[in-house]
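A.B. asks: Compact mmCIF, C-alpha atoms and all ligand atoms, file structure-v7.txt:
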# COMPACT_ATOMS: atom_id res chain seq x y z
CA MET A 1 127.70 143.84 43.26
CA SER A 2 124.97 146.33 42.39
CA THR A 3 123.17 148.31 45.07
CA GLU A 4 120.22 148.80 42.71
CA PRO A 5 117.01 146.98 43.61
CA GLN A 6 117.09 143.56 41.91
CA THR A 7 113.40 143.94 41.01
CA ALA A 8 110.43 145.51 42.70
CA ASP A 9 107.44 144.45 40.64
CA LYS A 10 105.51 141.83 42.63
CA THR A 11 103.55 140.68 39.56
CA LYS A 12 106.72 139.81 37.60
CA THR A 13 108.83 138.47 40.41
CA THR A 14 109.82 134.88 41.04
CA ARG A 15 111.08 134.13 44.50
CA LEU A 16 114.55 132.81 45.10
CA THR A 17 114.26 129.22 46.26
CA THR A 18 116.21 127.28 48.86
CA ARG A 19 117.76 125.40 45.91
CA ASP A 20 118.91 128.68 44.28
CA LEU A 21 120.67 129.57 47.53
CA SER A 22 122.18 126.13 48.11
CA MET A 23 123.64 126.15 44.57
CA ARG A 24 125.54 129.38 45.28
CA LYS A 25 128.32 127.80 47.36
CA GLY A 26 131.49 129.79 46.61
CA GLY A 27 129.59 132.22 44.34
CA ASP A 28 128.57 135.88 44.84
CA PRO A 29 128.16 136.59 48.56
CA GLN A 30 124.61 135.92 49.71
CA VAL A 31 122.84 138.79 51.47
CA TRP A 32 120.64 137.68 54.37
CA LEU A 33 118.93 139.98 56.87
CA THR A 34 116.30 139.51 59.56
CA ALA A 35 112.82 141.05 59.34
CA TYR A 36 109.83 140.70 61.61
CA SER A 37 107.20 142.97 60.08
CA ALA A 38 105.56 143.71 56.73
CA PRO A 39 106.95 147.26 56.21
CA THR A 40 110.53 146.21 56.92
CA ALA A 41 110.24 143.09 54.74
CA ARG A 42 108.80 145.19 51.89
CA ALA A 43 111.65 147.71 52.16
CA MET A 44 114.43 145.10 52.09
CA ASP A 45 112.92 142.59 49.65
CA PRO A 46 114.47 144.02 46.45
CA TYR A 47 117.97 144.05 47.96
CA VAL A 48 118.40 140.77 49.84
CA ASP A 49 118.57 137.10 48.88
CA CYS A 50 117.04 135.71 52.04
CA ILE A 51 114.88 137.23 54.78
CA LEU A 52 115.25 135.44 58.09
CA VAL A 53 112.36 135.81 60.52
CA GLY A 54 114.70 135.32 63.45
CA ASP A 55 113.70 134.45 66.99
CA SER A 56 115.83 137.48 67.85
CA LEU A 57 112.40 139.15 67.63
CA GLY A 58 112.03 138.18 71.29
CA MET A 59 114.58 140.87 72.05
CA THR A 60 114.14 143.33 69.18
CA VAL A 61 110.32 143.43 69.05
CA TYR A 62 109.21 142.20 72.49
CA GLY A 63 111.99 143.54 74.73
CA MET A 64 112.82 140.14 76.24
CA ASP A 65 116.34 139.54 77.52
CA SER A 66 116.82 136.26 75.64
CA THR A 67 115.10 134.24 72.90
CA LEU A 68 113.93 131.50 75.28
CA ALA A 69 110.35 132.72 75.80
CA VAL A 70 109.58 133.12 72.09
CA THR A 71 106.66 130.86 71.04
CA LEU A 72 105.69 129.07 67.87
CA ASP A 73 102.60 131.30 67.57
CA MET A 74 104.78 134.43 67.69
CA MET A 75 107.06 133.06 64.95
CA ILE A 76 104.06 132.15 62.80
CA ALA A 77 102.40 135.57 63.18
CA HIS A 78 105.58 137.43 62.20
CA GLY A 79 106.46 134.89 59.49
CA LYS A 80 103.06 135.45 57.84
CA ALA A 81 103.57 139.22 57.77
CA VAL A 82 107.02 138.90 56.21
CA VAL A 83 105.97 136.40 53.52
CA ARG A 84 102.93 138.54 52.65
CA ALA A 85 105.04 141.66 52.16
CA SER A 86 107.89 140.14 50.15
CA ALA A 87 108.04 138.80 46.62
CA ARG A 88 111.64 138.16 45.64
CA ALA A 89 113.61 137.02 48.67
CA CYS A 90 113.57 133.48 49.98
CA VAL A 91 111.97 133.58 53.46
CA VAL A 92 113.18 131.35 56.30
CA VAL A 93 111.53 131.25 59.74
CA ASP A 94 113.36 130.34 62.96
CA MET A 95 112.08 127.43 65.05
CA PRO A 96 111.75 128.75 68.62
CA PHE A 97 113.23 127.17 71.74
CA ALA A 98 111.50 123.95 72.88
CA SER A 99 109.55 123.50 69.64
CA TYR A 100 111.97 121.00 68.02
CA GLN A 101 114.50 119.64 70.52
CA ALA A 102 112.49 116.85 72.18
CA SER A 103 112.05 114.54 69.18
CA PRO A 104 112.04 114.48 65.37
CA ALA A 105 108.25 113.96 65.41
CA ASP A 106 107.71 117.05 67.61
CA ALA A 107 110.02 119.02 65.34
CA TYR A 108 108.06 117.88 62.28
CA ARG A 109 104.69 118.89 63.76
CA ALA A 110 106.00 122.35 64.70
CA ALA A 111 107.93 122.95 61.45
CA ALA A 112 104.99 121.78 59.33
CA ARG A 113 102.77 124.37 61.04
CA VAL A 114 105.35 127.07 60.33
CA MET A 115 105.59 126.08 56.65
CA ALA A 116 101.82 125.68 56.11
CA GLU A 117 100.67 128.76 58.02
CA THR A 118 103.35 131.26 56.91
CA GLY A 119 104.13 130.09 53.36
CA CYS A 120 107.87 130.38 54.06
CA ALA A 121 110.45 128.34 52.10
CA GLY A 122 112.22 126.70 55.02
CA VAL A 123 113.02 126.77 58.72
CA LYS A 124 116.20 127.33 60.71
CA LEU A 125 117.08 125.45 63.87
CA GLU A 126 120.01 125.69 66.23
CA GLY A 127 122.34 122.85 67.15
CA GLY A 128 124.99 120.47 65.88
CA ALA A 129 125.48 116.70 65.79
CA GLU A 130 122.68 116.16 68.34
CA MET A 131 120.16 117.71 65.87
CA ALA A 132 121.37 115.82 62.76
CA GLU A 133 118.73 113.08 63.00
CA THR A 134 115.94 115.66 63.37
CA ILE A 135 117.27 117.69 60.44
CA SER A 136 117.26 114.60 58.12
CA PHE A 137 113.78 113.70 59.38
CA LEU A 138 112.42 117.14 58.39
CA ILE A 139 114.23 117.26 55.04
CA ASP A 140 113.06 113.73 54.09
CA ARG A 141 109.50 114.93 54.72
CA GLY A 142 109.76 118.04 52.52
CA ILE A 143 110.93 120.73 54.94
CA PRO A 144 114.12 122.57 53.88
CA VAL A 145 116.33 123.38 56.85
CA VAL A 146 119.06 125.94 57.62
CA GLY A 147 121.54 124.86 60.32
CA HIS A 148 122.99 127.17 62.98
CA VAL A 149 126.25 126.44 64.82
CA GLY A 150 128.83 128.33 66.88
CA LEU A 151 127.11 130.62 69.37
CA THR A 152 123.54 129.33 69.48
CA PRO A 153 121.57 131.87 71.57
CA GLN A 154 118.90 129.36 72.68
CA SER A 155 121.72 127.64 74.64
CA VAL A 156 122.77 130.85 76.41
CA ASN A 157 122.34 129.18 79.80
CA ARG A 158 124.71 126.37 78.84
CA PHE A 159 127.29 128.82 77.40
CA GLY A 160 126.91 131.15 80.40
CA GLY A 161 126.62 134.21 78.15
CA TYR A 162 127.12 135.38 74.58
CA ARG A 163 130.93 135.24 74.27
CA ALA A 164 132.58 134.22 70.99
CA GLN A 165 132.94 130.46 70.56
CA GLY A 166 135.80 128.26 69.34
CA ARG A 167 138.51 129.72 71.59
CA THR A 168 140.00 126.38 72.64
CA ALA A 169 141.08 123.49 70.41
CA ALA A 170 138.34 121.32 71.94
CA GLU A 171 135.64 123.95 71.28
CA ALA A 172 136.87 124.46 67.70
CA LYS A 173 136.83 120.70 67.07
CA LYS A 174 133.29 120.37 68.42
CA ILE A 175 131.96 123.25 66.28
CA THR A 176 133.68 121.80 63.18
CA ASN A 177 132.13 118.37 63.85
CA ASP A 178 128.73 120.02 64.41
CA ALA A 179 129.00 121.90 61.10
CA LYS A 180 129.91 118.70 59.26
CA ALA A 181 127.10 116.72 60.92
CA VAL A 182 124.34 119.20 60.01
CA SER A 183 125.80 119.62 56.53
CA ASP A 184 125.77 115.81 56.05
CA ALA A 185 122.18 115.80 57.35
CA GLY A 186 121.23 117.94 54.33
CA VAL A 187 120.83 121.60 55.40
CA PHE A 188 120.68 123.97 52.41
CA ALA A 189 122.71 126.64 54.25
CA LEU A 190 124.52 126.92 57.54
CA VAL A 191 124.58 129.97 59.82
CA ILE A 192 127.83 130.31 61.77
CA GLU A 193 127.42 132.75 64.66
CA LYS A 194 130.13 134.51 66.67
CA THR A 195 133.12 132.21 66.37
CA LEU A 196 136.78 133.03 66.01
CA GLU A 197 137.39 134.08 62.40
CA PRO A 198 139.84 131.32 61.34
CA LEU A 199 137.37 128.67 62.50
CA ALA A 200 134.50 130.07 60.38
CA ARG A 201 136.90 130.33 57.42
CA ALA A 202 137.99 126.69 57.87
CA ILE A 203 134.39 125.44 58.20
CA THR A 204 133.45 127.33 55.02
CA LYS A 205 136.20 125.41 53.20
CA ALA A 206 135.25 122.10 54.81
CA VAL A 207 131.50 121.95 54.12
CA PRO A 208 129.78 121.77 50.71
CA VAL A 209 126.84 124.00 51.74
CA PRO A 210 126.90 127.82 51.79
CA THR A 211 127.93 129.25 55.16
CA ILE A 212 126.20 132.44 56.30
CA GLY A 213 128.25 134.33 58.86
CA ILE A 214 127.25 136.63 61.71
CA GLY A 215 130.29 137.72 63.66
CA ALA A 216 132.13 134.95 61.81
CA SER A 217 134.30 135.67 58.73
CA PRO A 218 134.35 137.62 55.45
CA ALA A 219 135.24 134.25 53.87
CA CYS A 220 131.71 132.91 54.55
CA ASP A 221 129.49 132.40 51.50
CA GLY A 222 127.08 135.04 52.79
CA GLN A 223 126.36 137.34 55.72
CA VAL A 224 123.36 137.85 57.98
CA LEU A 225 122.67 140.60 60.52
CA VAL A 226 119.74 141.67 62.67
CA VAL A 227 117.95 144.49 60.82
CA ASP A 228 117.50 146.59 63.97
CA ASP A 229 121.29 146.60 64.45
CA VAL A 230 121.91 147.58 60.80
CA THR A 231 119.38 150.43 60.84
CA GLY A 232 120.01 151.64 64.39
CA VAL A 233 116.41 150.94 65.51
CA PHE A 234 118.19 149.14 68.34
CA ASP A 235 120.78 151.60 69.65
CA GLN A 236 121.36 150.63 73.30
CA PHE A 237 124.71 149.09 72.33
CA LYS A 238 126.45 147.93 69.15
CA PRO A 239 128.00 144.45 69.08
CA LYS A 240 131.53 144.38 67.57
CA PHE A 241 130.34 142.38 64.54
CA VAL A 242 127.65 144.93 63.55
CA LYS A 243 128.06 147.73 61.03
CA ARG A 244 125.37 150.38 61.45
CA TYR A 245 124.10 152.01 58.24
CA ALA A 246 121.46 154.36 59.69
CA GLU A 247 120.36 155.87 63.00
CA VAL A 248 116.63 155.19 62.85
CA GLY A 249 116.23 154.99 66.65
CA ARG A 250 117.74 158.47 67.04
CA ASP A 251 115.62 159.81 64.14
CA VAL A 252 112.42 158.40 65.69
CA SER A 253 113.22 160.14 69.00
CA LYS A 254 113.93 163.41 67.16
CA ALA A 255 110.66 163.15 65.19
CA VAL A 256 108.61 162.39 68.31
CA ALA A 257 110.23 165.25 70.23
CA ALA A 258 109.43 167.68 67.39
CA TYR A 259 105.80 166.42 67.19
CA ALA A 260 105.36 166.75 70.96
CA ALA A 261 106.74 170.32 70.91
CA ASP A 262 104.39 171.27 68.04
CA VAL A 263 101.30 169.88 69.80
CA ARG A 264 102.19 171.64 73.06
CA ALA A 265 102.78 174.94 71.21
CA ARG A 266 99.52 174.50 69.22
CA LYS A 267 101.58 174.51 66.00
CA PHE A 268 100.06 171.15 65.00
CA PRO A 269 97.52 170.61 63.59
CA THR A 270 97.11 173.65 61.35
CA MET A 271 94.05 174.24 59.18
CA ASP A 272 95.94 172.39 56.39
CA HIS A 273 95.47 169.18 58.39
CA CYS A 274 91.72 169.75 59.02
CA PHE A 275 88.58 168.86 57.08
CA VAL A 276 86.08 171.55 56.14
CA ALA A 277 82.92 171.25 54.08
CA ALA A 278 83.53 171.96 50.36
CA PRO A 279 82.05 175.30 49.30
CA LYS A 280 78.63 174.78 47.65
CA LYS A 281 78.69 174.98 43.83
CA PRO A 282 76.35 177.67 42.44
CA ALA A 283 73.16 176.08 40.98
CA LYS A 284 73.23 175.81 37.15
CA LYS A 285 70.93 178.25 35.31
CA LYS A 286 68.14 176.57 33.32
O1 LIG A 301 117.37 135.04 65.45
C1 LIG A 301 118.15 135.57 64.66
O2 LIG A 301 118.04 136.74 64.31
C2 LIG A 301 119.24 134.74 64.14
C3 LIG A 301 120.32 135.40 63.34
C4 LIG A 301 120.98 136.46 64.06
C5 LIG A 301 121.25 134.44 62.74
O3 LIG A 301 119.25 133.57 64.36
So that I can check it, write out the structure of this file as structure tokens.
Ligand code: KIV
C.D. replies:
Amino acid sequence: MSTEPQTADKTKTTRLTTRDLSMRKGGDPQVWLTAYSAPTARAMDPYVDCILVGDSLGMTVYGMDSTLAVTLDMMIAHGKAVVRASARACVVVDMPFASYQASPADAYRAAARVMAETGCAGVKLEGGAEMAETISFLIDRGIPVVGHVGLTPQSVNRFGGYRAQGRTAAEAKKITNDAKAVSDAGVFALVIEKTLEPLARAITKAVPVPTIGIGASPACDGQVLVVDDVTGVFDQFKPKFVKRYAEVGRDVSKAVAAYAADVRARKFPTMDHCFVAAPKKPAKKK
């Protein structure tokens, strides 16, 4: 797989569609990554297949300690920025907690706002068999959906934390049934988060839709990570399933420390950073 940008020219680019991604079951690994802002979306767009505007932004952008307080308006604001700044990648926006669980009709109203106001290609929602009816309801009405099973962070209070799922035979059976139910309901891709590896591998074999793993298995049809983990913007701790490719958080601290030292020592600004009136041109002789 090439590391060259796939294309960068916005005028000549056609976006990958949800159909393009759903057709790639068992093909080249799909590259998914979260983004929440225009500059980050612009930087990753040539390299990724799908940008997920994840509700993880509650933690990464807003410093919350879970995703539960993220609102529909927050998702729409960040979704708009990401769609505006990207041209090639398919963009999917997460449905936040309490915006879709109560009923299919509530889910439709919220998801339709996300689609219409951001211009994204589809939405992702967490849950298994209990969400299958809602997923079909949305898809039948023109809203492509990504499923999300395994560790579903919006249910952190039910799980009692963020530990890997599928450790007992009963848990593994439930997650497998959930994956099959949302796949049967018509999702175009299925995120599997933080399960034991053999379970994610088995689900990938069992369902006809592409599986996108995070802390799941190299056998998944694609991988997704949180961009702040990949780039080291978030550097308080590194989950086991993350590979860090840069240390942006450390570099930002270094840059700010150097700037602060320069200002205090009157080394910045210099005259090169200042505006002075242009010297007057001599008047032309008649
Ligand atoms: O919110 C998010 O970022 C996600 C991914 C980590 C799958 O749901």
A.B. asks: Write as a ChimeraX atom specification the residues around ligand LIG 301 (chain A), taking 6 Å as the cut-off and counting all atoms listed in the file.
C.D. replies: /A:34,54-56,225-226
A.B. asks: Go ahead and compute the interatomic distance for CA of Val209 in chain A and CA of Val149 in chain A, in Å to one decimal.
C.D. replies: 13.3 Å
A.B. asks: A:Val207, A:Ile139, A:Val93, A:Ala85: which is nearest Asp184 in chain A, counting all atoms listed in the file?
C.D. replies: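 Among A:Val207, A:Ile139, A:Val93, A:Ala85, it is A:Val207 that comes nearest to Asp184 in chain A.
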A.B. asks: Excluding range 246-252 of chain A and any residue of its chain fewer than 6 positions from it, enumerate the residues within 8 Å of it, using all atoms listed in the file, and give them as a PyMOL selection string.
C.D. replies: chain A and resi 230-235
A.B. asks: Show me, as an MDAnalysis selection string, the residues that have an atom within 8 Å of range 62-73 of chain A when counting only C-alpha atoms, minus same-chain residues fewer than 4 positions from it.
C.D. replies: chainID A and resid 55:58 77 95:97 99 110 114 153:154
A.B. asks: So which one's closest to Ala206 in chain A, A:Ile175, A:Ala43, A:Val123, A:Val156? Using all atoms listed in the file, please.
C.D. replies: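 Checking each candidate against Ala206 in chain A, we get A:Ile175 as the closest.
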A.B. asks: Within 10 Å of (123.9, 139.2, 58.9), only C-alpha atoms: residues as a VMD selection string?
C.D. replies: chain A and resid 30 to 34 52 191 193 212 to 216 222 to 227 229 to 230 241 to 243
A.B. asks: What does the distance between CA of Asp20 in chain A and CA of Ala35 in chain A come to in Å, to one decimal place?
C.D. replies: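 Computed distance, CA of Asp20 in chain A to CA of Ala35 in chain A, equals 20.4 Å.
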A.B. asks: Closest to Leu125 in chain A among A:Thr152, A:Ser217, A:Ser183, A:Thr40, using all atoms listed in the file?
C.D. replies: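 Of all the options, A:Thr152 lies closest to Leu125 in chain A.
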A.B. asks: From the options A:Pro198, A:Thr13, A:Thr18, A:Thr118, which residue's atoms come nearest to Asp45 in chain A, counting all atoms listed in the file?
C.D. replies: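 Under the stated criterion, the closest residue is A:Thr13.
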A.B. asks: Residues near Thr211 in chain A, anyone? I mean within 10 Å using all atoms listed in the file, not counting same-chain ones fewer than 4 positions away, as a PyMOL selection string.
C.D. replies: chain A and resi 22+25-26+29-30+146-148+179+183+188-192+200-201+203-205+207+216-217+219-223
